[in-house]
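Below you'll find the structure, written out as structure tokens, and then a few comments.
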Amino acid sequence: MTESTAIFRSSPFLDPSPTAAAGSLAILHLKRDLLLPVTLEPSSFAEGYAEGAVINTRFGSFPHSTLLNLPWGSQVLASKVDTGSRGRRGDGKGRGKKRKREELGSETVTPQEGANVDAGEEPREARAATAAGSGFIHLLPPTPEAWTLSLPHRTQVVYTPDYSYILQRLRVRPGDTVIEAGAGSGSFTHAAARAVFNGYPPSESGQSNSEAPNKKRKRYGKVYSFEYHEPRAQQLAEEIKQHGLDQIVRVTHRDVYEDGFTVDTPTQGYPQKEHAPQANAVFLDLPAPWMALRQLTRAALSPQAARAVTRPRPASDSPGQDGQADTTMADAPQPTTSKPFVSPLDPRTTTHLCTFSPCIEQVQRTVTAMRELGWLEIDMVEVQHRRIDVRRERVGLHEEGLRGVNASAASVDEAVSRLREVESRLKEFRENTAASAQGVNDAEGGREVDGGRKGMGKPQKEWPPKKSGAKQQRQQANVKAAEERKIFKEGRLVHRTEPELKTHTSYLAFAVLPRQWTAEDEARCKRRWPVKDGKQAVENGNEKKM
């Protein structure tokens, strides 16, 4: 087994296993908009629980042992967890602190926290979990959509309604190369990695690099993510590695305004060499995207052109017109390096660009720079996503006692029948009330007969009846009948629009940069489609037109 094969690990975001395994990332679905990411651990004593590692939620406690080896999508019941041992952990000298997994050897048996090691007490095995009376969650595999709703927010994130539309407009396909500037929390990074994924490179998956000499070389998808804030870049790179996406995503700490979008490729025995990503699509989530556009060209810009793109615009925002400069934007610093320019774009394909800006003023500056640099098909879109909740509404008196229904009369006949039933019960109540009052009067004004009083005693019939009467019996009958009905087919379809959704106001500016056209391309086209006497001869297989 080679070294690359030993360290290779497929990503659960791209190829999840059928069941939840130890050490894998899982998403706990508490409710629709409340997801919790958890790295499943085998039974250990580091958490201080008798059941091993436990995750506590508002819906109960769930030991990791109850989540392991379950198929994705399983419903897991909460467990009864004894937390009393946590208060007796340690001896005040640091033994009660949580130990890192790196400090625990894979073959070392760790005593249970709180056990008296000096007294020779043997560590206890993790106790089997006991199901609680209520509470449950669902165990889901990690996906970019689930990760977006559950990731730790370091910055404002790009939510699913935005990045799904962005990837579609950028025409990202498996095997493409995507540049992302402004990685932030990594929401778009995970979605882009899934969109470009078409397999792992052979050198990283442990497969052989030998290919047929005449076989076209397969191009594997890649995401180059750039982040200016170094702590965020380091944290995102660590998450990418934990999620098994480091073979596809490369996170770089860099100021793209000044240093561009090239990456350093370390080679053994040689100094670092700049490598061009050759991107097919670019996504810029930057405060000033127009300042980064000068780095996204086919060829190097002249100093005058670079200053024209990044200079502050006058109030009229018309290129070439003198006027008072916009004081809200500072002059972009000019590059001080003398390194030769290396284009990060693929010269063989058209490049699609998207910028993400929260203010319309940023869009105006960006669109102006796009026009000056030759970008075409410029378009701006504002995404206003609304979720529509579609459900079946069941109405009728036969639904009384069931949950999630409208237990009111569905027709006039049902309403009249229920009114007649209520009137008959009310009439019976009045008759019993009158009989009871008459019995009390007879008892108070009765004559003594044979040493007793006539009419003494309670009424013969009590009223109102107990709760185990008609209503409760009717509800129990409805619940029993519902078990035999196909409820999912009943009722009418209704919908309502939910006003609140996790997103934020943003303007998406799209543009297209045509592929680089060289003299060699022109000569090749003239040879393939020659022009004779003003008429074009086109040969396509056996078809020939003059």
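FYI, nothing fancy with the structure tokens labels: chains A, B, ... in order, residues from 1 per chain, ligands from 1 as they appear.
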Skip Thr148 (chain A) itself and residues of its chain fewer than 6 positions away, then list as a VMD selection string all residues within 10 Å of it, counting only C-alpha atoms. chain A and resid 35 157 to 160 185 to 188 190 to 191
Within 9 Å of Leu296 (chain A) using only C-alpha atoms, minus same-chain residues under 3 positions, as a ChimeraX atom specification: /A:260-261,282,292-293,299,343-345
Would you export the selected residues with C-alpha atoms as a PDB file, in the first residue's frame, please?
```pdb
ATOM      1  CA  GLY A 260      -3.933  38.236  -7.914  1.00  0.00           C
ATOM      2  CA  PHE A 261      -5.382  34.741  -8.130  1.00  0.00           C
ATOM      3  CA  VAL A 282     -15.196  33.139 -10.971  1.00  0.00           C
ATOM      4  CA  ALA A 292     -10.039  42.547  -8.296  1.00  0.00           C
ATOM      5  CA  LEU A 293     -11.205  42.643 -11.923  1.00  0.00           C
ATOM      6  CA  ALA A 299      -3.239  39.691 -20.703  1.00  0.00           C
ATOM      7  CA  SER A 343      -3.627  35.062 -16.143  1.00  0.00           C
ATOM      8  CA  PRO A 344      -5.700  32.823 -13.841  1.00  0.00           C
ATOM      9  CA  LEU A 345      -8.306  32.214 -16.568  1.00  0.00           C
TER      10      LEU A 345
END
```
Coordinates-based distance that separates CA of Leu139 (chain A) from CA of Leu30 (chain A) (Å, one decimal): 9.2 Å
Counting only C-alpha atoms, the option among A:Thr349, A:Arg418, A:Leu34, A:Phe510 closest to Gln168 (chain A):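 Closest candidate: A:Phe510.
In this model, the gap between CA of Arg173 (chain A) and CA of Thr297 (chain A) comes to 22.1 Å.
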Hey, what's within 12 Å of region 483-485 of chain A if we count only C-alpha atoms and toss same-chain stuff fewer than 5 positions away? As a PDB file with N, CA and C atoms, in the first residue's frame, please?
```pdb
ATOM      1  N   HIS A 398     -65.703  14.464  11.489  1.00  0.00           N
ATOM      2  CA  HIS A 398     -65.121  13.149  11.714  1.00  0.00           C
ATOM      3  C   HIS A 398     -63.621  13.231  12.011  1.00  0.00           C
ATOM      4  N   GLU A 399     -63.023  14.446  11.908  1.00  0.00           N
ATOM      5  CA  GLU A 399     -61.614  14.643  12.236  1.00  0.00           C
ATOM      6  C   GLU A 399     -61.420  15.067  13.693  1.00  0.00           C
ATOM      7  N   LEU A 402     -58.229  14.408  16.243  1.00  0.00           N
ATOM      8  CA  LEU A 402     -56.970  14.200  15.532  1.00  0.00           C
ATOM      9  C   LEU A 402     -56.146  15.482  15.532  1.00  0.00           C
ATOM     10  N   GLN A 476     -62.527   9.038  20.532  1.00  0.00           N
ATOM     11  CA  GLN A 476     -61.826   7.767  20.495  1.00  0.00           C
ATOM     12  C   GLN A 476     -62.190   6.974  19.247  1.00  0.00           C
ATOM     13  N   ALA A 477     -63.446   7.049  18.849  1.00  0.00           N
ATOM     14  CA  ALA A 477     -63.863   6.343  17.635  1.00  0.00           C
ATOM     15  C   ALA A 477     -63.209   6.953  16.394  1.00  0.00           C
ATOM     16  N   ASN A 478     -63.059   8.303  16.382  1.00  0.00           N
ATOM     17  CA  ASN A 478     -62.415   8.956  15.237  1.00  0.00           C
ATOM     18  C   ASN A 478     -60.935   8.582  15.137  1.00  0.00           C
ATOM     19  N   GLU A 490     -56.362  12.284   1.639  1.00  0.00           N
ATOM     20  CA  GLU A 490     -57.597  12.990   1.951  1.00  0.00           C
ATOM     21  C   GLU A 490     -57.333  14.487   2.053  1.00  0.00           C
TER      22      GLU A 490
END
```
Ranking A:Glu230, A:Ser424, A:Phe13, A:Thr497 by minimum distance to Glu145 (chain A) and counting only C-alpha atoms, which one comes first?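 Among the listed residues, the smallest separation from Glu145 (chain A) belongs to A:Phe13.
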Using only C-alpha atoms, the shortest atom-to-atom distance to Val76 (chain A) among A:Thr518, A:Thr155, A:Gln278, A:Ser61 belongs to A:Ser61
